[in-house]
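Peer 1: To be precise about what I am sending: the file is called entry21.pdb and holds PDB, C-alpha atoms.
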ATOM      1  CA  MET A   1       0.000   0.000   0.000
ATOM      2  CA  SER A   2       1.339   3.368  -0.948
ATOM      3  CA  VAL A   3       1.712   5.974   1.763
ATOM      4  CA  MET A   4       1.150   9.699   1.238
ATOM      5  CA  ARG A   5       3.840  12.228   1.978
ATOM      6  CA  VAL A   6       3.330  15.314   4.129
ATOM      7  CA  ALA A   7       6.921  16.262   4.995
ATOM      8  CA  ARG A   8       7.750  19.832   4.014
ATOM      9  CA  VAL A   9      11.119  21.081   2.753
ATOM     10  CA  GLY A  10      12.171  24.682   3.319
ATOM     11  CA  ALA A  11      10.213  27.822   3.974
ATOM     12  CA  ALA A  12       7.418  28.752   1.609
ATOM     13  CA  ALA A  13       8.855  32.191   0.943
ATOM     14  CA  ALA A  14      12.201  30.779  -0.115
ATOM     15  CA  VAL A  15      10.532  28.288  -2.414
ATOM     16  CA  VAL A  16       8.413  30.968  -4.054
ATOM     17  CA  ALA A  17      11.590  32.940  -4.689
ATOM     18  CA  LEU A  18      13.151  29.923  -6.373
ATOM     19  CA  LEU A  19      10.027  29.520  -8.449
ATOM     20  CA  ALA A  20      10.203  33.101  -9.639
ATOM     21  CA  VAL A  21      13.813  32.641 -10.704
ATOM     22  CA  ALA A  22      12.871  29.443 -12.530
ATOM     23  CA  GLY A  23      10.370  31.324 -14.676
ATOM     24  CA  CYS A  24       7.082  30.300 -13.104
ATOM     25  CA  GLY A  25       3.964  31.743 -14.581
ATOM     26  CA  THR A  26       4.543  31.207 -18.275
ATOM     27  CA  LYS A  27       1.367  30.295 -20.096
ATOM     28  CA  ALA A  28       0.814  26.590 -20.683
ATOM     29  CA  ASP A  29       1.002  25.228 -24.188
ATOM     30  CA  THR A  30      -1.900  25.876 -26.542
ATOM     31  CA  GLU A  31      -4.872  23.862 -25.415
ATOM     32  CA  GLY A  32      -7.084  21.771 -27.654
ATOM     33  CA  PRO A  33     -10.445  19.964 -27.381
ATOM     34  CA  SER A  34     -11.179  16.414 -26.330
ATOM     35  CA  ASP A  35     -14.090  14.448 -24.950
ATOM     36  CA  ALA A  36     -15.699  15.984 -21.902
ATOM     37  CA  SER A  37     -15.739  14.105 -18.616
ATOM     38  CA  PRO A  38     -19.070  13.445 -16.833
ATOM     39  CA  GLY A  39     -20.606  16.716 -15.767
ATOM     40  CA  GLN A  40     -18.230  18.707 -17.965
ATOM     41  CA  SER A  41     -19.268  20.531 -21.131
ATOM     42  CA  ARG A  42     -17.182  20.244 -24.290
ATOM     43  CA  SER A  43     -16.118  23.860 -23.896
ATOM     44  CA  GLN A  44     -14.989  23.176 -20.336
ATOM     45  CA  ALA A  45     -13.147  20.079 -21.501
ATOM     46  CA  SER A  46     -11.443  22.116 -24.199
ATOM     47  CA  ALA A  47     -10.332  24.650 -21.587
ATOM     48  CA  SER A  48      -8.817  21.868 -19.485
ATOM     49  CA  GLN A  49      -6.641  20.412 -22.236
ATOM     50  CA  LYS A  50      -2.918  20.866 -22.843
ATOM     51  CA  SER A  51      -1.333  19.907 -26.119
ATOM     52  CA  THR A  52       1.628  17.579 -25.833
ATOM     53  CA  SER A  53       3.257  15.350 -28.403
ATOM     54  CA  THR A  54       0.287  13.097 -27.656
ATOM     55  CA  ALA A  55      -2.853  14.884 -26.478
ATOM     56  CA  VAL A  56      -3.925  14.103 -22.933
ATOM     57  CA  ARG A  57      -6.951  15.099 -20.884
ATOM     58  CA  LEU A  58      -6.339  17.173 -17.754
ATOM     59  CA  PRO A  59      -8.402  17.050 -14.562
ATOM     60  CA  PRO A  60     -11.454  19.327 -14.735
ATOM     61  CA  LEU A  61     -10.914  22.664 -13.044
ATOM     62  CA  HIS A  62     -12.503  23.395  -9.660
ATOM     63  CA  ALA A  63     -14.066  19.950  -9.329
ATOM     64  CA  GLY A  64     -15.065  17.753  -6.405
ATOM     65  CA  PHE A  65     -11.933  15.821  -5.383
ATOM     66  CA  ASP A  66     -11.153  12.851  -3.175
ATOM     67  CA  TYR A  67      -7.711  11.565  -2.226
ATOM     68  CA  GLN A  68      -7.951   7.792  -1.783
ATOM     69  CA  ILE A  69      -4.361   6.565  -1.972
ATOM     70  CA  GLY A  70      -4.736   4.899   1.427
ATOM     71  CA  GLY A  71      -7.564   2.696   0.178
ATOM     72  CA  ALA A  72     -10.291   2.873  -2.449
ATOM     73  CA  TYR A  73     -13.968   3.324  -1.560
ATOM     74  CA  PRO A  74     -17.090   4.599  -3.362
ATOM     75  CA  PRO A  75     -16.497   8.299  -4.038
ATOM     76  CA  PRO A  76     -18.814  10.639  -2.130
ATOM     77  CA  ARG A  77     -21.501  12.538  -3.991
ATOM     78  CA  GLY A  78     -20.150  15.420  -6.042
ATOM     79  CA  VAL A  79     -16.674  13.956  -6.562
ATOM     80  CA  ARG A  80     -15.422  14.181 -10.136
ATOM     81  CA  VAL A  81     -11.680  13.631  -9.582
ATOM     82  CA  VAL A  82     -10.161  10.842  -7.497
ATOM     83  CA  SER A  83      -6.570   9.770  -6.850
ATOM     84  CA  ARG A  84      -5.943   6.104  -6.046
ATOM     85  CA  ASP A  85      -2.944   3.814  -5.663
ATOM     86  CA  ARG A  86      -1.742   2.012  -8.772
ATOM     87  CA  THR A  87      -2.812  -1.314  -7.227
ATOM     88  CA  ALA A  88      -6.448  -0.135  -7.110
ATOM     89  CA  SER A  89      -8.949   0.183  -9.940
ATOM     90  CA  PRO A  90     -10.220   3.533 -11.208
ATOM     91  CA  ALA A  91     -13.634   4.824 -10.145
ATOM     92  CA  PRO A  92     -16.105   4.414 -13.015
ATOM     93  CA  GLY A  93     -17.192   7.632 -14.723
ATOM     94  CA  LEU A  94     -14.721   9.907 -12.918
ATOM     95  CA  TYR A  95     -11.353  11.453 -13.725
ATOM     96  CA  ASN A  96      -8.861   9.048 -12.136
ATOM     97  CA  ILE A  97      -5.278   9.802 -11.092
ATOM     98  CA  CYS A  98      -2.939   6.850 -10.503
ATOM     99  CA  TYR A  99      -0.513   7.187  -7.570
ATOM    100  CA  VAL A 100       2.968   5.724  -8.147
ATOM    101  CA  ASN A 101       5.889   5.924  -5.710
ATOM    102  CA  ALA A 102       8.432   6.730  -8.401
ATOM    103  CA  PHE A 103      11.544   8.051  -6.646
ATOM    104  CA  GLN A 104      11.667   5.814  -3.551
ATOM    105  CA  ALA A 105      10.939   2.197  -2.728
ATOM    106  CA  GLN A 106       7.985   1.267  -0.550
ATOM    107  CA  PRO A 107       9.073  -0.191   2.814
ATOM    108  CA  GLY A 108      10.243  -3.736   2.141
ATOM    109  CA  ASP A 109      10.234  -3.301  -1.628
ATOM    110  CA  GLU A 110      13.869  -2.241  -1.681
ATOM    111  CA  LYS A 111      14.686  -5.963  -1.731
ATOM    112  CA  THR A 112      13.049  -6.253  -5.147
ATOM    113  CA  TRP A 113      15.293  -3.593  -6.709
ATOM    114  CA  PRO A 114      18.791  -4.298  -8.067
ATOM    115  CA  ALA A 115      21.255  -3.369  -5.347
ATOM    116  CA  ASP A 116      23.014  -0.816  -7.515
ATOM    117  CA  LEU A 117      19.764   1.093  -8.111
ATOM    118  CA  LEU A 118      19.399   1.912  -4.423
ATOM    119  CA  LEU A 119      21.124   5.185  -3.559
ATOM    120  CA  ARG A 120      24.119   4.602  -1.292
ATOM    121  CA  ASP A 121      26.244   6.953   0.750
ATOM    122  CA  ASN A 122      30.043   7.041   0.813
ATOM    123  CA  SER A 123      30.037   4.151   3.261
ATOM    124  CA  GLY A 124      27.937   1.989   0.982
ATOM    125  CA  GLU A 125      24.839   2.266   3.166
ATOM    126  CA  VAL A 126      21.448   2.690   1.510
ATOM    127  CA  VAL A 127      20.097   6.216   1.914
ATOM    128  CA  VAL A 128      16.679   6.043   3.572
ATOM    129  CA  ASP A 129      13.916   8.589   3.946
ATOM    130  CA  GLN A 130      13.638   8.307   7.709
ATOM    131  CA  ASP A 131      10.120   9.749   7.883
ATOM    132  CA  TRP A 132       8.681   6.866   5.843
ATOM    133  CA  ASN A 133      11.411   4.208   5.991
ATOM    134  CA  GLU A 134      11.743   4.280   2.200
ATOM    135  CA  ALA A 135      15.013   3.660   0.379
ATOM    136  CA  LEU A 136      15.837   6.319  -2.208
ATOM    137  CA  LEU A 137      16.334   5.137  -5.779
ATOM    138  CA  ASP A 138      19.580   6.095  -7.497
ATOM    139  CA  ILE A 139      18.762   8.387 -10.427
ATOM    140  CA  GLY A 140      22.161  10.063 -10.367
ATOM    141  CA  THR A 141      23.302   9.032 -13.856
ATOM    142  CA  ALA A 142      21.571   8.804 -17.218
ATOM    143  CA  ALA A 143      22.124   5.046 -17.324
ATOM    144  CA  LYS A 144      20.594   4.485 -13.907
ATOM    145  CA  ARG A 145      17.710   6.834 -14.631
ATOM    146  CA  ALA A 146      16.895   4.787 -17.708
ATOM    147  CA  ARG A 147      16.924   1.539 -15.728
ATOM    148  CA  VAL A 148      14.755   2.896 -12.921
ATOM    149  CA  ALA A 149      12.383   4.410 -15.480
ATOM    150  CA  THR A 150      11.993   1.033 -17.179
ATOM    151  CA  ARG A 151      10.395  -0.356 -14.033
ATOM    152  CA  ILE A 152       8.342   2.721 -13.166
ATOM    153  CA  ASN A 153       7.101   2.881 -16.747
ATOM    154  CA  GLN A 154       5.792  -0.660 -16.402
ATOM    155  CA  TRP A 155       3.671   0.602 -13.502
ATOM    156  CA  ILE A 156       2.536   3.530 -15.645
ATOM    157  CA  ASP A 157       1.562   1.008 -18.330
ATOM    158  CA  GLY A 158      -0.525  -0.759 -15.692
ATOM    159  CA  CYS A 159      -2.278   2.498 -14.822
ATOM    160  CA  ALA A 160      -3.109   3.046 -18.481
ATOM    161  CA  ALA A 161      -4.313  -0.517 -18.958
ATOM    162  CA  LYS A 162      -6.699  -0.146 -16.016
ATOM    163  CA  GLY A 163      -8.209   3.008 -17.496
ATOM    164  CA  PHE A 164      -6.691   5.754 -15.364
ATOM    165  CA  ASP A 165      -6.562   9.224 -16.908
ATOM    166  CA  ALA A 166      -3.362  10.477 -15.273
ATOM    167  CA  VAL A 167      -0.412   9.447 -13.151
ATOM    168  CA  GLU A 168       0.942  11.025  -9.948
ATOM    169  CA  PRO A 169       4.623  10.100  -9.424
ATOM    170  CA  ASP A 170       5.406  10.692  -5.752
ATOM    171  CA  ASN A 171       8.633  11.853  -4.122
ATOM    172  CA  TYR A 172       9.821  14.175  -6.886
ATOM    173  CA  ASP A 173      11.516  16.046  -4.018
ATOM    174  CA  SER A 174      13.503  13.030  -2.809
ATOM    175  CA  TYR A 175      16.743  14.702  -3.923
ATOM    176  CA  THR A 176      16.286  17.070  -0.959
ATOM    177  CA  ARG A 177      16.580  14.027   1.340
ATOM    178  CA  SER A 178      19.566  12.481  -0.460
ATOM    179  CA  ASP A 179      22.366  14.022   1.623
ATOM    180  CA  ASN A 180      23.345  15.970  -1.516
ATOM    181  CA  LEU A 181      23.987  12.776  -3.455
ATOM    182  CA  LEU A 182      21.233  13.676  -5.932
ATOM    183  CA  SER A 183      20.414  17.043  -7.464
ATOM    184  CA  ALA A 184      17.387  18.901  -8.759
ATOM    185  CA  GLN A 185      18.785  18.296 -12.232
ATOM    186  CA  ASP A 186      18.702  14.539 -11.596
ATOM    187  CA  ALA A 187      15.065  14.810 -10.509
ATOM    188  CA  THR A 188      13.965  16.856 -13.508
ATOM    189  CA  ALA A 189      15.823  14.584 -15.929
ATOM    190  CA  PHE A 190      14.094  11.547 -14.448
ATOM    191  CA  ILE A 191      10.595  13.053 -14.352
ATOM    192  CA  THR A 192      11.035  14.041 -18.001
ATOM    193  CA  LEU A 193      11.496  10.365 -18.886
ATOM    194  CA  LEU A 194       8.311   9.480 -17.016
ATOM    195  CA  SER A 195       6.386  12.340 -18.624
ATOM    196  CA  ALA A 196       7.276  11.205 -22.111
ATOM    197  CA  HIS A 197       6.184   7.658 -21.346
ATOM    198  CA  ALA A 198       2.942   8.747 -19.679
ATOM    199  CA  HIS A 199       2.047  10.921 -22.661
ATOM    200  CA  ALA A 200       2.781   8.045 -25.022
ATOM    201  CA  ARG A 201       0.209   6.055 -23.031
ATOM    202  CA  HIS A 202      -2.289   8.955 -23.315
ATOM    203  CA  LEU A 203      -1.960   9.755 -19.610
ATOM    204  CA  ALA A 204      -1.552  13.227 -18.144
ATOM    205  CA  ILE A 205       1.153  13.494 -15.496
ATOM    206  CA  GLY A 206       1.006  15.544 -12.321
ATOM    207  CA  GLN A 207       3.810  17.204 -10.382
ATOM    208  CA  LYS A 208       3.643  16.060  -6.766
ATOM    209  CA  ASN A 209       4.533  18.935  -4.414
ATOM    210  CA  THR A 210       8.148  20.202  -5.022
ATOM    211  CA  LEU A 211       7.199  23.828  -5.550
ATOM    212  CA  GLY A 212      10.772  24.892  -6.221
ATOM    213  CA  LEU A 213      10.727  22.944  -9.519
ATOM    214  CA  ALA A 214       7.307  24.067 -10.716
ATOM    215  CA  GLY A 215       8.917  26.607 -13.019
ATOM    216  CA  GLN A 216      10.368  23.662 -14.956
ATOM    217  CA  ARG A 217       6.958  22.153 -15.707
ATOM    218  CA  ARG A 218       6.965  22.890 -19.444
ATOM    219  CA  ARG A 219      10.488  21.567 -19.971
ATOM    220  CA  THR A 220       9.741  18.420 -17.981
ATOM    221  CA  GLY A 221       6.340  17.825 -19.578
ATOM    222  CA  LEU A 222       4.291  18.026 -16.377
ATOM    223  CA  ASP A 223       0.633  18.850 -16.965
ATOM    224  CA  PHE A 224      -0.929  19.662 -13.584
ATOM    225  CA  ALA A 225      -0.071  19.620  -9.884
ATOM    226  CA  VAL A 226      -1.054  17.396  -6.978
ATOM    227  CA  THR A 227      -0.303  19.317  -3.804
ATOM    228  CA  GLU A 228      -0.372  18.510  -0.119
ATOM    229  CA  GLU A 229      -1.171  21.404   2.211
ATOM    230  CA  CYS A 230      -0.615  24.270  -0.195
ATOM    231  CA  GLY A 231      -3.126  26.203   1.908
ATOM    232  CA  GLN A 232      -1.413  25.408   5.187
ATOM    233  CA  TYR A 233       1.956  26.516   3.818
ATOM    234  CA  ASP A 234       0.795  29.480   1.706
ATOM    235  CA  GLU A 235       1.874  27.842  -1.544
ATOM    236  CA  CYS A 236      -1.427  27.687  -3.450
ATOM    237  CA  ALA A 237      -0.849  30.978  -5.271
ATOM    238  CA  ALA A 238       2.455  29.827  -6.727
ATOM    239  CA  TYR A 239       1.091  26.435  -7.803
ATOM    240  CA  ALA A 240      -2.019  28.021  -9.337
ATOM    241  CA  LYS A 241       0.166  30.425 -11.321
ATOM    242  CA  ALA A 242       2.609  27.771 -12.482
ATOM    243  CA  PHE A 243      -0.103  25.324 -13.572
ATOM    244  CA  ASP A 244      -2.832  27.722 -14.739
ATOM    245  CA  ASN A 245      -5.116  26.626 -11.863
ATOM    246  CA  HIS A 246      -4.819  22.951 -12.840
ATOM    247  CA  VAL A 247      -4.183  21.956  -9.222
ATOM    248  CA  VAL A 248      -5.738  19.291  -7.006
ATOM    249  CA  ASP A 249      -4.940  19.936  -3.359
ATOM    250  CA  VAL A 250      -5.325  17.828  -0.232
ATOM    251  CA  GLU A 251      -5.207  19.517   3.166
ATOM    252  CA  TYR A 252      -4.695  17.662   6.440
ATOM    253  CA  THR A 253      -5.846  20.341   8.883
ATOM    254  CA  ASP A 254      -8.996  22.439   9.211
ATOM    255  CA  SER A 255      -6.924  25.612   9.185
ATOM    256  CA  GLY A 256      -5.234  24.578   5.956
ATOM    257  CA  LEU A 257      -8.600  23.824   4.364
ATOM    258  CA  ARG A 258      -9.958  27.237   5.366
ATOM    259  CA  LYS A 259      -6.929  29.010   3.911
ATOM    260  CA  ALA A 260      -6.984  27.050   0.667
ATOM    261  CA  LEU A 261     -10.710  27.611   0.184
ATOM    262  CA  ALA A 262     -10.513  31.302   1.062
ATOM    263  CA  GLY A 263      -7.918  32.016  -1.584
ATOM    264  CA  TYR A 264      -8.490  29.359  -4.235
ATOM    265  CA  GLY A 265     -11.767  27.613  -3.535
ATOM    266  CA  ASP A 266     -13.219  28.945  -6.778
ATOM    267  CA  ARG A 267     -10.258  27.795  -8.922
ATOM    268  CA  MET A 268      -8.665  24.619  -7.591
ATOM    269  CA  SER A 269      -9.982  21.209  -6.544
ATOM    270  CA  ILE A 270      -9.545  21.007  -2.760
ATOM    271  CA  VAL A 271     -10.334  18.389  -0.118
ATOM    272  CA  ARG A 272      -9.537  17.893   3.579
ATOM    273  CA  ARG A 273      -8.436  14.358   4.448
ATOM    274  CA  ASP A 274      -6.929  12.664   7.490
ATOM    275  CA  ARG A 275      -3.162  12.189   7.357
ATOM    276  CA  GLU A 276      -3.464   8.429   6.953
ATOM    277  CA  VAL A 277      -5.924   8.921   4.066
ATOM    278  CA  SER A 278      -7.972   6.144   5.632
ATOM    279  CA  THR A 279     -11.257   4.663   4.430
ATOM    280  CA  PRO A 280     -14.790   5.272   5.773
ATOM    281  CA  GLY A 281     -15.444   3.226   8.894
ATOM    282  CA  ASN A 282     -11.936   3.813  10.179
ATOM    283  CA  PRO A 283     -12.025   5.830  13.449
ATOM    284  CA  GLY A 284      -9.586   8.361  12.019
ATOM    285  CA  TYR A 285     -11.383   8.896   8.719
ATOM    286  CA  VAL A 286     -11.887  12.530   7.780
ATOM    287  CA  ARG A 287     -13.136  14.013   4.545
ATOM    288  CA  ARG A 288     -14.439  17.556   4.251
ATOM    289  CA  THR A 289     -14.752  20.145   1.530
ATOM    290  CA  THR A 290     -16.069  23.068   3.616
TER
END
Could you express the structure from this file as structure tokens?

Peer 2:
Amino acid sequence: MSVMRVARVGAAAAVVALLAVAGCGTKADTEGPSDASPGQSRSQASASQKSTSTAVRLPPLHAGFDYQIGGAYPPPRGVRVVSRDRTASPAPGLYNICYVNAFQAQPGDEKTWPADLLLRDNSGEVVVDQDWNEALLDIGTAAKRARVATRINQWIDGCAAKGFDAVEPDNYDSYTRSDNLLSAQDATAFITLLSAHAHARHLAIGQKNTLGLAGQRRRTGLDFAVTEECGQYDECAAYAKAFDNHVVDVEYTDSGLRKALAGYGDRMSIVRRDREVSTPGNPGYVRRTT
């Protein structure tokens, strides 16, 4: 089971400054029409398209959203966009985003990776994200990026075969937890490989958090953003600008939900979930939109 990430890196103000330097805010590529999703007119669908080498359909703007990567369940009334783990099936009739842990290995799964594709420090020890006990994958060279991408792309193929509309590769920011063994350039080079493959499978691809690299979204081929707590950390404005409001946001606190809704409730797709993104019937389950 995939686990969501809520760790934050750096102060929001510093990240916004990086974003400005990176050229955030350039208009997305010319958009073109495609079939409308349920509840979406053709004109609305056309407005939510981005031309790539292979046309893909983006999530509808300002739509009901549910974040279900901790376990799939029937979407509540009014939901039009749902994100689920790659091991789950998409929700019929909705816009479905497929969660893939692309830059780190799930706990225990590091044993299934070739030893040389696990990032190691100068002592030969595997570098681990201590918050989630996940080994970082080594994307530090073009050859290793290609090998890691081969496996991740097989998961992306699985998402496409199941009928998902988009993919959400998690841990784009893992280079910030690599003890300086990986760089932002390594991350963008790797995500570009995944973007090209997703587009070839007619899937949109979302940037997961990592605000400091949002200004690279056109070069890397990223189509929309999946954010955690952009309201709580005052980052929604920068994401909305970088991705032309094509943002789905999950908040984990009531205060974060209030802030996100106050500033961007009429533009972005926003939901409040519990940090474990649990399923209904679980004592900790929380889902709110107001």

Peer 1: Between A:Trp113, A:Leu58, A:Tyr67, A:Arg258, single out the one closest to Leu222 (chain A), counting all atoms listed in the file.

Peer 2: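 Checking each of A:Trp113, A:Leu58, A:Tyr67, A:Arg258 against Leu222 (chain A), counting all atoms listed in the file, the winner is A:Leu58.
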
Peer 1: Please list as a list in words every residue within 10 Å of Leu117 (chain A), counting only C-alpha atoms and excluding residues in the same chain fewer than 3 positions away.

Peer 2: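 That gives Glu110, Trp113, Pro114, Arg120, Val126, Leu136, Leu137, Asp138, Ile139, Gly140, Lys144, Arg145, Arg147 and Val148 of chain A.
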
Peer 1: Keeping only C-alpha atoms, write the selected residues to a file as a PDB file, keeping the file's coordinate frame.

Peer 2:
ATOM      1  CA  GLU A 110      13.869  -2.241  -1.681  1.00  0.00           C
ATOM      2  CA  TRP A 113      15.293  -3.593  -6.709  1.00  0.00           C
ATOM      3  CA  PRO A 114      18.791  -4.298  -8.067  1.00  0.00           C
ATOM      4  CA  ARG A 120      24.119   4.602  -1.292  1.00  0.00           C
ATOM      5  CA  VAL A 126      21.448   2.690   1.510  1.00  0.00           C
ATOM      6  CA  LEU A 136      15.837   6.319  -2.208  1.00  0.00           C
ATOM      7  CA  LEU A 137      16.334   5.137  -5.779  1.00  0.00           C
ATOM      8  CA  ASP A 138      19.580   6.095  -7.497  1.00  0.00           C
ATOM      9  CA  ILE A 139      18.762   8.387 -10.427  1.00  0.00           C
ATOM     10  CA  GLY A 140      22.161  10.063 -10.367  1.00  0.00           C
ATOM     11  CA  LYS A 144      20.594   4.485 -13.907  1.00  0.00           C
ATOM     12  CA  ARG A 145      17.710   6.834 -14.631  1.00  0.00           C
ATOM     13  CA  ARG A 147      16.924   1.539 -15.728  1.00  0.00           C
ATOM     14  CA  VAL A 148      14.755   2.896 -12.921  1.00  0.00           C
TER      15      VAL A 148
END

Peer 1: Which residues of region 202-240 of chain A come within 9 Å of region 179-191 of chain A, and what is each one's closest atom pair and distance in Å (one decimal), counting all atoms listed in the file, sorted by chain and residue number, as CSV?

Peer 2:
residue,atom,partner,partner_atom,distance
A:Gln207,CA,A:Ile191,CA,8.9
A:Leu213,CA,A:Ala184,CA,7.8
A:Gln216,CA,A:Thr188,CA,7.8
A:Arg219,CA,A:Thr188,CA,8.7
A:Thr220,CA,A:Thr188,CA,6.3
A:Gly221,CA,A:Ile191,CA,8.3
A:Leu222,CA,A:Ile191,CA,8.3

Peer 1: If the PyMOL selection byres ((chain A and resi 267-278) around 7) were run on this exact file, what residues would it hold? Put them as a PyMOL selection string.

Peer 2: chain A and resi 61-66+68-71+245-253+257+264-266+279-280+282+284-289

Peer 1: So what do you get for CA of Cys159 (chain A) versus CA of Leu94 (chain A), distance-wise?

Peer 2: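 Between these atoms lies a distance of 14.6 Å.
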
Peer 1: Kindly resolve the PyMOL selection byres ((chain A and resi 171) around 7) on the present coordinates and return the residues as a list of chain:residue names.

Peer 2: A:Asn101, A:Ala102, A:Phe103, A:Gln104, A:Pro169, A:Asp170, A:Tyr172, A:Asp173, A:Ser174

Peer 1: Between A:Glu134, A:Asp223, A:Asp157, A:Asp129, which is the closest to Ala55 (chain A) once you count only C-alpha atoms?

Peer 2: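 Nearest candidate to Ala55 (chain A) out of A:Glu134, A:Asp223, A:Asp157, A:Asp129: A:Asp223.
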
Peer 1: So which one's closest to Thr150 (chain A), A:Val128, A:Leu119, A:Leu203, A:Leu193? Using all atoms listed in the file, please.

Peer 2: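 Looking only at the distances to Thr150 (chain A), the closest residue turns out to be A:Leu193.
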
Peer 1: How many Å lie between CA of Asn133 (chain A) and CA of Ile152 (chain A), rounded to one decimal?

Peer 2: 19.5 Å

Peer 1: Could you put an axis-aligned box around every listed atom of region 126-130 of chain A, padded by 6 Å on each side, and send me its centre and edge lengths in Å to one decimal, as AutoDock Vina command-line options?

Peer 2:
--center_x 17.5 --center_y 5.6 --center_z 4.6 --size_x 19.8 --size_y 17.9 --size_z 18.2

Peer 1: From the set A:Asp254, A:Asp165, A:Glu229, A:Asp234, which residue has the shortest atom-to-atom contact distance to Arg201 (chain A), counting only C-alpha atoms?

Peer 2: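 Counting only C-alpha atoms, the residue closest to Arg201 (chain A) is A:Asp165.
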
Peer 1: Return the single residue from A:Asn96, A:Ser123, A:Ser178, A:Asn153 that is closest to Ala204 (chain A), with distances computed using all atoms listed in the file.

Peer 2: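 Closest to Ala204 (chain A) of all the choices is A:Asn96.
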
Peer 1: I'd like the interatomic distance between CA of Val100 (chain A) and CA of Ala242 (chain A), to a tenth of an Å.

Peer 2: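 Result for CA of Val100 (chain A) versus CA of Ala242 (chain A): 22.5 Å, one decimal.
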
Peer 1: Write out as number ranges by chain each polymer residue whose atoms come within 12 Å of Phe164 (chain A), counting all atoms listed in the file; drop sequence neighbours fewer than 4 positions from it.

Peer 2: A: 56-59, 81-99, 155-160, 168, 198, 201-205

Peer 1: Kindly indicate which residue among A:Ala143, A:Trp132, A:Phe243, A:Val167 lies nearest to Gly206 (chain A), using all atoms listed in the file for the distances.

Peer 2: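 The answer is A:Val167, which sits nearest to Gly206 (chain A).
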
Peer 1: Would you mind completing region 65-80 of chain A to N, CA and C atoms and writing the output as a CSV table (one decimal), keeping the file's coordinate frame?

Peer 2:
chain,number,residue,atom,x,y,z
A,65,PHE,N,-13.2,16.6,-5.4
A,65,PHE,CA,-11.9,15.8,-5.4
A,65,PHE,C,-11.9,14.9,-4.2
A,66,ASP,N,-11.4,13.7,-4.3
A,66,ASP,CA,-11.2,12.9,-3.2
A,66,ASP,C,-9.8,12.2,-3.3
A,67,TYR,N,-9.0,12.1,-2.2
A,67,TYR,CA,-7.7,11.6,-2.2
A,67,TYR,C,-7.8,10.2,-1.5
A,68,GLN,N,-7.7,9.1,-2.3
A,68,GLN,CA,-8.0,7.8,-1.8
A,68,GLN,C,-6.7,6.9,-1.9
A,69,ILE,N,-5.5,7.4,-1.8
A,69,ILE,CA,-4.4,6.6,-2.0
A,69,ILE,C,-4.1,5.6,-0.8
A,70,GLY,N,-4.8,5.8,0.3
A,70,GLY,CA,-4.7,4.9,1.4
A,70,GLY,C,-5.7,3.7,1.3
A,71,GLY,N,-6.6,3.7,0.3
A,71,GLY,CA,-7.6,2.7,0.2
A,71,GLY,C,-8.8,3.2,-0.6
A,72,ALA,N,-9.2,2.4,-1.6
A,72,ALA,CA,-10.3,2.9,-2.4
A,72,ALA,C,-11.6,2.6,-1.8
A,73,TYR,N,-12.6,3.5,-2.0
A,73,TYR,CA,-14.0,3.3,-1.6
A,73,TYR,C,-14.9,4.1,-2.5
A,74,PRO,N,-16.2,3.9,-2.5
A,74,PRO,CA,-17.1,4.6,-3.4
A,74,PRO,C,-17.0,6.1,-3.2
A,75,PRO,N,-16.7,6.9,-4.2
A,75,PRO,CA,-16.5,8.3,-4.0
A,75,PRO,C,-17.8,9.0,-3.5
A,76,PRO,N,-17.6,9.9,-2.6
A,76,PRO,CA,-18.8,10.6,-2.1
A,76,PRO,C,-19.5,11.4,-3.3
A,77,ARG,N,-20.7,11.8,-3.0
A,77,ARG,CA,-21.5,12.5,-4.0
A,77,ARG,C,-20.8,13.8,-4.3
A,78,GLY,N,-20.8,14.2,-5.6
A,78,GLY,CA,-20.2,15.4,-6.0
A,78,GLY,C,-18.7,15.3,-6.4
A,79,VAL,N,-18.1,14.2,-6.2
A,79,VAL,CA,-16.7,14.0,-6.6
A,79,VAL,C,-16.6,13.7,-8.1
A,80,ARG,N,-15.7,14.4,-8.7
A,80,ARG,CA,-15.4,14.2,-10.1
A,80,ARG,C,-14.0,13.8,-10.4
